Amino acid sequence: MTTQQTAHRWIGRSMKRVEDPRLLTGRGQYVDDLSLPNMAHAAVLRSPHAHARIRRIDTSKARAVPGVLLVMTGAEAAQQTGPLPCFANPPVTQHCIAVDRVRHVGEAVAAVVAESRYIAEDAAELIEVEYEPLPVVMDPEEAMRSTSDAVLHPERGPNNIALQRTLTFGPVDEDFATADVVVRRNLRWPRSGAQPMETVGALASWDEATGKFTIYANTSMYNYVGWLLAVSLKVPAHKLNIIPTIAGGSFGSKLFTHKVPVLAATLARACGRPVKYVEDRIDNIMNCDNHGSDRIYDVELALKNDGTMLSLRMKVIDDYGAYLQFGVGHHGNALAQLTGPYRIKSARVSLTAVMTNKGQQGAYRGFGSEVNNFVVERMVDAAAEALGMDPVEIRRKNFIRPEQFPYKIPTGNVYDSGNYEAVLDKALEMADYQGWRRKQREARAEGRYIGIGLVSCQERSVFSATEFWFWNHEPGFALTSSPDSVDIKIDPTGKAFVRLHAPFWGNSPETVATQILAEQLTIDPADITVTYSDTDSGLPGTGPGGSRYTVMVAGAIAGAVKELKAKMFRVAAHLLEASESDLELRDGRVSVRGTDRGLTIGEIALQAHYFKLSLPADVRSGLDARHTYDHPYTTLPNADRTDMGVFYPIMGHMCHIPIIEVDIETGQITFLKYVAVHDAGTVVNPMTLAGHIRGGTVQGIGSALYEHYYYDSSGQLLTATFADYLIPTLMEAPENIEVGHVVTPSPYTEYGIKGGGEGGRMGAPAALASAVEDALRPLGIKIDSLPIRPVLLREMIREAQQRRP
Amino acid sequence: MDQERVVVTVNGVRYERMVAPRRLLSDFIREDLGLRGTHVGCEHGVCGMCTVLVDGQTARSCLMFAVQADGTSITTVEGLGTPTTLHPLQQAFWEKHGLQCGFCTPAMLLTALELLSHNPSPRRDEIREAISGNLCRCTGYQTIVDSIEYAATLMRGGGR
């Protein structure tokens, strides 16, 4: 791996993570590791039907089981607790326990609280439910035509279309009219999901004396929209304190886990004891509210004969499942980089979002943009083939050039900076691209099928809030803020305490904050401690997601340190009888420039805490600061939505080159090499960034080759365990993902940092599709659909061989 | 439900408890003994999160009943090092970035410990084989293999 040359002391170093010693020794304190005195345990009875009315529930046998404290149906829960938060407009009503109708297999029908989880699960099995089955809607294209009882949410309209809208950016029709060639593909992106190793859980308690809830949960957006859980629980926001626990992985899926905390809190209030509910794996796979995109595309790319890309048109149907918690935000996200790294002048997207009897979509690493990357790169490969061009050259020819930044794409989003050819060239060199093309030719002569995939993808980072609502016909709650905060204190001994207002969810927030604060204060990382706020003490914090946290926390820390430094300089100037303008902060010491006169941060802090009468009269005691950092660059969309404004401008880039061999007898894919070059601007910690790239790449390999929430026509989820839902083991991962960095700093962020947390998964699926298609080019096989499971690959190979005996 | 007497030694400490015959070893370790470093990921024996060593051999504690462990000696992650005196395996995982969220880490450490106990100088393909039954969703596995390879060096007395 290459590392950057840096003028910084701590930023740019592969510092060992400060989170690790406690994680390595089993002291992580994940949500299921917590317990409270007198705590009870919950289990949930789940629907075996994909779509049914609940006619009757008999809980008497369950209530009679010794050790059972409470059995609660949806109707009973709804007497105390309202619907769950929903960001769609108009909203879609969802309850923590289904009230009179279930809309997907696995939806909660009743909950049991007991002295142990064993007893609760025993009792849940004794609950008798009478269902009246309703028509099941599984096919997204059929869903567009559903009527009467097949409509999931009749209060929202007469069919299962959640949202239908066409957005046009620039002169699309004119550009298509002047095109020499129009390339068209039908593409399919399957439903997969994050499936972190830890499921979602909450431990809730209710204090009857104060009327206040306390919920420990592995949720992320608690300081952004956590108060919405109080609305669901029908208490004022100050009567709910959410305490974040660390998350055993999220990858988006714990962005805002509302259902489990609300359920645990509802049960705790009803039974008067603290209640823990942690999903088991089947709960999580069926019912985690975080399935990923599930899309059918009809795409056209217009080009000139010389390969110049002109315009992009796409029709997309997205199967959102039974509920719509984030609206169609995923399609907002995709508009950030709709046209990729290319100078495509215009674009049109026709979206039909439908509702079916499947688990609802949530967030998964890419939030819809990974799908768009797959679509754009498939189209570029198709264009290269149609025009007889080299896939490298067609990309090179159409790249936005370094001198064109900041560059506004047709949707209105602005790309801050980039050097796409530098990334491409570095990847080609690391992969020995030409050498492998030669080996590929030799292998083909021997009847072996080696494929070289290549994609050049955007890696947008640092989301703004507008993407959640600008697709809506009526915006709804059209929020525009997405800040993050820190508060920092320096204690009388000179140690620095920084408090984050967003949780650890598998990333490295403590390490990153430590490195940035050490850089800013010129102190040793060992003198810094990092803690997390709860909602009682929380400042505005949007949290990780959309590859934003490193950029945002850097801005927040820099803002707080500016205030700390001003005070330290004021105090030091007074005590040293020097002018503030002659002072500098170096090596943890404020000193008079060019002399050895100075005071350490500890000495200044001691004075600031205890020697008020030695300080200027208007200097208050203590040494602390808080800072809320807003999104560095975001603007509103226009009224007719021909320009979405700037909402995701911190633009990273990547080039992935997987080199694979397909065994055409078995359909097995073997990695021969994998190169991933990323530009995430200034790198804070090359080791942890490479970790995200490698891990995300293997997740992307899972999405491309194995993972699929597969429902049958009756709505049963056939992949509800890890034995059936195949996340990559070590044997499916490349032995060595070679990571390279190119550094094009952002002009808009502190230190020029860009986000990089999602990158691997945003490129790998497109890259694998490219590689498999390249391997099987002699057979004329096109990869239009994922996952490319071995059995499907074998079918395609068999058909191709029959076509060309 | 009737309870059975279970006597086990965990991380060198002897425990004597009455447990229901259906109580999973994973729940027994986590809840009855309070050793929360053993994690539970799927409860059907696929993911490997709950791996512990039973008489020196890896076992999925979600697929064993506590009563089956009667008379055995168990090692959990708490039996390795502490945050200030890490076991060489833990040190190696720290230095080589062998973890991100940390949820699979205790199981990976114990699986690696079993490998290194009978093969102190494993090749990379032997390491890959040894940990191929444990899932990790964060790292892509590469740095876990690096970590175990490096731990082997440390445990053989090799330098940095």
# chains A, B, ... in the order shown; residues from 1 in each chain; ligands from 1
$ closest_atom_pairs --of "chain B" --to "chain A" --cutoff "7 Å" --atoms "only C-alpha atoms" --output "CSV"
residue,atom,partner,partner_atom,distance
B:Arg36,CA,A:Asp33,CA,5.7
B:Gly37,CA,A:Gly26,CA,3.7
B:Gly41,CA,A:Met197,CA,5.5
B:Cys42,CA,A:Arg281,CA,4.9
B:Val46,CA,A:Phe722,CA,6.2
B:Val77,CA,A:Gly26,CA,6.1
B:Glu78,CA,A:Thr25,CA,6.1
B:Gly81,CA,A:Thr25,CA,6.7
B:Thr82,CA,A:Thr25,CA,6.0
B:Pro83,CA,A:Pro21,CA,4.9
B:Gln90,CA,A:Leu24,CA,6.0
B:Trp94,CA,A:Asp20,CA,6.4
B:Glu95,CA,A:Lys16,CA,6.1
B:Gln100,CA,A:Gly506,CA,5.5
B:Cys101,CA,A:Gly506,CA,3.7
B:Gly102,CA,A:Leu23,CA,5.4
B:Phe103,CA,A:Gly248,CA,5.1
B:Thr105,CA,A:Leu24,CA,6.5
B:Pro106,CA,A:Gly26,CA,6.5
B:Arg128,CA,A:Leu730,CA,6.9
B:Ser132,CA,A:Leu730,CA,5.3
B:Leu135,CA,A:Thr729,CA,5.7
B:Arg137,CA,A:Pro196,CA,6.1
B:Cys138,CA,A:Gly695,CA,5.0
B:Thr139,CA,A:Gly695,CA,4.2
B:Gly140,CA,A:Gly695,CA,4.2
B:Tyr141,CA,A:Leu730,CA,5.9
B:Gln142,CA,A:Glu735,CA,6.4
$ write_last_selection --atoms "N, CA and C atoms" --output "PDB file, in the first residue's frame"
ATOM      1  N   ARG B  36     -18.818 -11.806  29.083  1.00  0.00           N
ATOM      2  CA  ARG B  36     -19.552 -11.275  27.928  1.00  0.00           C
ATOM      3  C   ARG B  36     -18.710 -11.190  26.656  1.00  0.00           C
ATOM      4  N   GLY B  37     -17.470 -11.621  26.746  1.00  0.00           N
ATOM      5  CA  GLY B  37     -16.618 -11.548  25.552  1.00  0.00           C
ATOM      6  C   GLY B  37     -16.944 -12.615  24.518  1.00  0.00           C
ATOM      7  N   GLY B  41     -23.884 -14.738  17.322  1.00  0.00           N
ATOM      8  CA  GLY B  41     -24.214 -14.086  16.054  1.00  0.00           C
ATOM      9  C   GLY B  41     -25.386 -14.700  15.317  1.00  0.00           C
ATOM     10  N   CYS B  42     -25.545 -16.032  15.380  1.00  0.00           N
ATOM     11  CA  CYS B  42     -26.627 -16.631  14.592  1.00  0.00           C
ATOM     12  C   CYS B  42     -27.388 -17.695  15.345  1.00  0.00           C
ATOM     13  N   VAL B  46     -23.511 -21.371  12.328  1.00  0.00           N
ATOM     14  CA  VAL B  46     -22.917 -21.040  11.042  1.00  0.00           C
ATOM     15  C   VAL B  46     -21.834 -19.975  11.167  1.00  0.00           C
ATOM     16  N   VAL B  77     -12.233 -15.595  25.597  1.00  0.00           N
ATOM     17  CA  VAL B  77     -11.315 -14.484  25.310  1.00  0.00           C
ATOM     18  C   VAL B  77     -10.817 -13.845  26.596  1.00  0.00           C
ATOM     19  N   GLU B  78     -11.621 -13.914  27.655  1.00  0.00           N
ATOM     20  CA  GLU B  78     -11.181 -13.326  28.920  1.00  0.00           C
ATOM     21  C   GLU B  78      -9.973 -14.069  29.495  1.00  0.00           C
ATOM     22  N   GLY B  81      -5.226 -12.104  27.182  1.00  0.00           N
ATOM     23  CA  GLY B  81      -4.614 -10.997  27.908  1.00  0.00           C
ATOM     24  C   GLY B  81      -5.625 -10.001  28.428  1.00  0.00           C
ATOM     25  N   THR B  82      -5.118  -8.970  29.073  1.00  0.00           N
ATOM     26  CA  THR B  82      -5.946  -7.848  29.525  1.00  0.00           C
ATOM     27  C   THR B  82      -5.578  -6.633  28.677  1.00  0.00           C
ATOM     28  N   PRO B  83      -6.351  -5.548  28.742  1.00  0.00           N
ATOM     29  CA  PRO B  83      -6.038  -4.389  27.899  1.00  0.00           C
ATOM     30  C   PRO B  83      -4.612  -3.855  28.086  1.00  0.00           C
ATOM     31  N   GLN B  90      -3.514 -10.965  20.585  1.00  0.00           N
ATOM     32  CA  GLN B  90      -4.269  -9.708  20.661  1.00  0.00           C
ATOM     33  C   GLN B  90      -3.390  -8.545  20.199  1.00  0.00           C
ATOM     34  N   TRP B  94      -4.039  -6.075  17.009  1.00  0.00           N
ATOM     35  CA  TRP B  94      -4.043  -4.607  17.181  1.00  0.00           C
ATOM     36  C   TRP B  94      -3.121  -3.964  16.143  1.00  0.00           C
ATOM     37  N   GLU B  95      -1.919  -4.520  16.028  1.00  0.00           N
ATOM     38  CA  GLU B  95      -0.932  -3.884  15.151  1.00  0.00           C
ATOM     39  C   GLU B  95      -1.264  -4.051  13.681  1.00  0.00           C
ATOM     40  N   GLN B 100     -12.348  -4.552  13.149  1.00  0.00           N
ATOM     41  CA  GLN B 100     -12.983  -3.232  13.018  1.00  0.00           C
ATOM     42  C   GLN B 100     -14.071  -3.108  14.087  1.00  0.00           C
ATOM     43  N   CYS B 101     -15.213  -3.762  13.895  1.00  0.00           N
ATOM     44  CA  CYS B 101     -16.257  -3.644  14.923  1.00  0.00           C
ATOM     45  C   CYS B 101     -15.947  -4.491  16.145  1.00  0.00           C
ATOM     46  N   GLY B 102     -15.120  -5.511  15.991  1.00  0.00           N
ATOM     47  CA  GLY B 102     -14.676  -6.308  17.124  1.00  0.00           C
ATOM     48  C   GLY B 102     -15.596  -7.449  17.524  1.00  0.00           C
ATOM     49  N   PHE B 103     -16.721  -7.595  16.845  1.00  0.00           N
ATOM     50  CA  PHE B 103     -17.696  -8.586  17.299  1.00  0.00           C
ATOM     51  C   PHE B 103     -17.226 -10.008  17.038  1.00  0.00           C
ATOM     52  N   THR B 105     -14.096 -10.854  16.825  1.00  0.00           N
ATOM     53  CA  THR B 105     -12.686 -10.944  17.223  1.00  0.00           C
ATOM     54  C   THR B 105     -12.413 -12.012  18.290  1.00  0.00           C
ATOM     55  N   PRO B 106     -13.194 -12.091  19.365  1.00  0.00           N
ATOM     56  CA  PRO B 106     -12.890 -13.141  20.358  1.00  0.00           C
ATOM     57  C   PRO B 106     -12.844 -14.537  19.731  1.00  0.00           C
ATOM     58  N   ARG B 128      -5.610 -19.608   6.543  1.00  0.00           N
ATOM     59  CA  ARG B 128      -6.892 -19.388   5.869  1.00  0.00           C
ATOM     60  C   ARG B 128      -7.828 -20.575   6.105  1.00  0.00           C
ATOM     61  N   SER B 132     -11.503 -20.428   8.221  1.00  0.00           N
ATOM     62  CA  SER B 132     -12.507 -20.287   7.163  1.00  0.00           C
ATOM     63  C   SER B 132     -13.921 -20.565   7.658  1.00  0.00           C
ATOM     64  N   LEU B 135     -17.088 -16.257  10.368  1.00  0.00           N
ATOM     65  CA  LEU B 135     -17.427 -15.097   9.539  1.00  0.00           C
ATOM     66  C   LEU B 135     -16.882 -13.814  10.148  1.00  0.00           C
ATOM     67  N   ARG B 137     -17.591  -9.614   8.933  1.00  0.00           N
ATOM     68  CA  ARG B 137     -18.268  -8.792   7.929  1.00  0.00           C
ATOM     69  C   ARG B 137     -17.527  -7.483   7.678  1.00  0.00           C
ATOM     70  N   CYS B 138     -16.496  -7.191   8.480  1.00  0.00           N
ATOM     71  CA  CYS B 138     -15.831  -5.877   8.381  1.00  0.00           C
ATOM     72  C   CYS B 138     -14.562  -5.893   7.549  1.00  0.00           C
ATOM     73  N   THR B 139     -13.700  -6.883   7.771  1.00  0.00           N
ATOM     74  CA  THR B 139     -12.302  -6.731   7.347  1.00  0.00           C
ATOM     75  C   THR B 139     -12.008  -7.271   5.956  1.00  0.00           C
ATOM     76  N   GLY B 140     -12.837  -8.173   5.456  1.00  0.00           N
ATOM     77  CA  GLY B 140     -12.452  -8.873   4.230  1.00  0.00           C
ATOM     78  C   GLY B 140     -11.419  -9.954   4.496  1.00  0.00           C
ATOM     79  N   TYR B 141     -11.118 -10.204   5.775  1.00  0.00           N
ATOM     80  CA  TYR B 141     -10.294 -11.316   6.269  1.00  0.00           C
ATOM     81  C   TYR B 141      -8.782 -11.134   6.095  1.00  0.00           C
ATOM     82  N   GLN B 142      -8.363 -10.327   5.133  1.00  0.00           N
ATOM     83  CA  GLN B 142      -6.938 -10.286   4.789  1.00  0.00           C
ATOM     84  C   GLN B 142      -6.073  -9.893   5.990  1.00  0.00           C
TER      85      GLN B 142
END
$ select_by_dssp --residues "range 594-701 of chain A" --states "alpha helix (DSSP H)" --output "PyMOL selection string"
chain A and resi 601-610+686-701
$ residues_around --residues "Val145 in chain B" --least-positions-apart "2" --cutoff "9 Å" --atoms "only C-alpha atoms" --output "MDAnalysis selection string"
chainID B and resid 98 124 127:128 131 141:143 147:150
$ write_last_selection --atoms "C-alpha atoms" --output "compact mmCIF listing (two decimals), in the first residue's frame"
# COMPACT_ATOMS: atom_id res chain seq x y z
CA GLY B 98 -7.25 -7.46 12.37
CA ARG B 124 -0.90 -18.46 5.00
CA ILE B 127 -4.20 -19.96 8.47
CA ARG B 128 -6.89 -19.39 5.87
CA ILE B 131 -10.34 -19.61 10.21
CA TYR B 141 -10.29 -11.32 6.27
CA GLN B 142 -6.94 -10.29 4.79
CA THR B 143 -5.68 -8.41 7.84
CA SER B 147 -2.46 -10.75 12.24
CA ILE B 148 -2.26 -14.48 12.86
CA GLU B 149 0.86 -14.80 10.75
CA TYR B 150 2.44 -12.00 12.77
$ residues_around --residues "range 364-373 of chain A" --least-positions-apart "5" --cutoff "10 Å" --atoms "only C-alpha atoms" --output "PyMOL selection string"
chain A and resi 188-190+192-195+250-255+290-295+328-341+378-379+455-461+545-547+696+699-700+757-767
$ residues_around --residues "Asp527 in chain A" --least-positions-apart "3" --cutoff "9 Å" --atoms "only C-alpha atoms" --output "ChimeraX atom specification"
/A:494-497,518,523-524
$ write_last_selection --atoms "C-alpha atoms" --output "mmCIF file, in the first residue's frame"
data_model
loop_
_atom_site.group_PDB
_atom_site.id
_atom_site.type_symbol
_atom_site.label_atom_id
_atom_site.label_comp_id
_atom_site.auth_asym_id
_atom_site.auth_seq_id
_atom_site.Cartn_x
_atom_site.Cartn_y
_atom_site.Cartn_z
ATOM 1 C CA GLY A 494 -3.577 19.206 30.746
ATOM 2 C CA LYS A 495 -5.338 16.065 29.561
ATOM 3 C CA ALA A 496 -7.836 16.478 26.727
ATOM 4 C CA PHE A 497 -11.347 15.036 26.856
ATOM 5 C CA ALA A 518 -3.536 15.546 18.616
ATOM 6 C CA ILE A 523 -0.189 16.917 21.917
ATOM 7 C CA ASP A 524 0.416 13.214 22.350
#
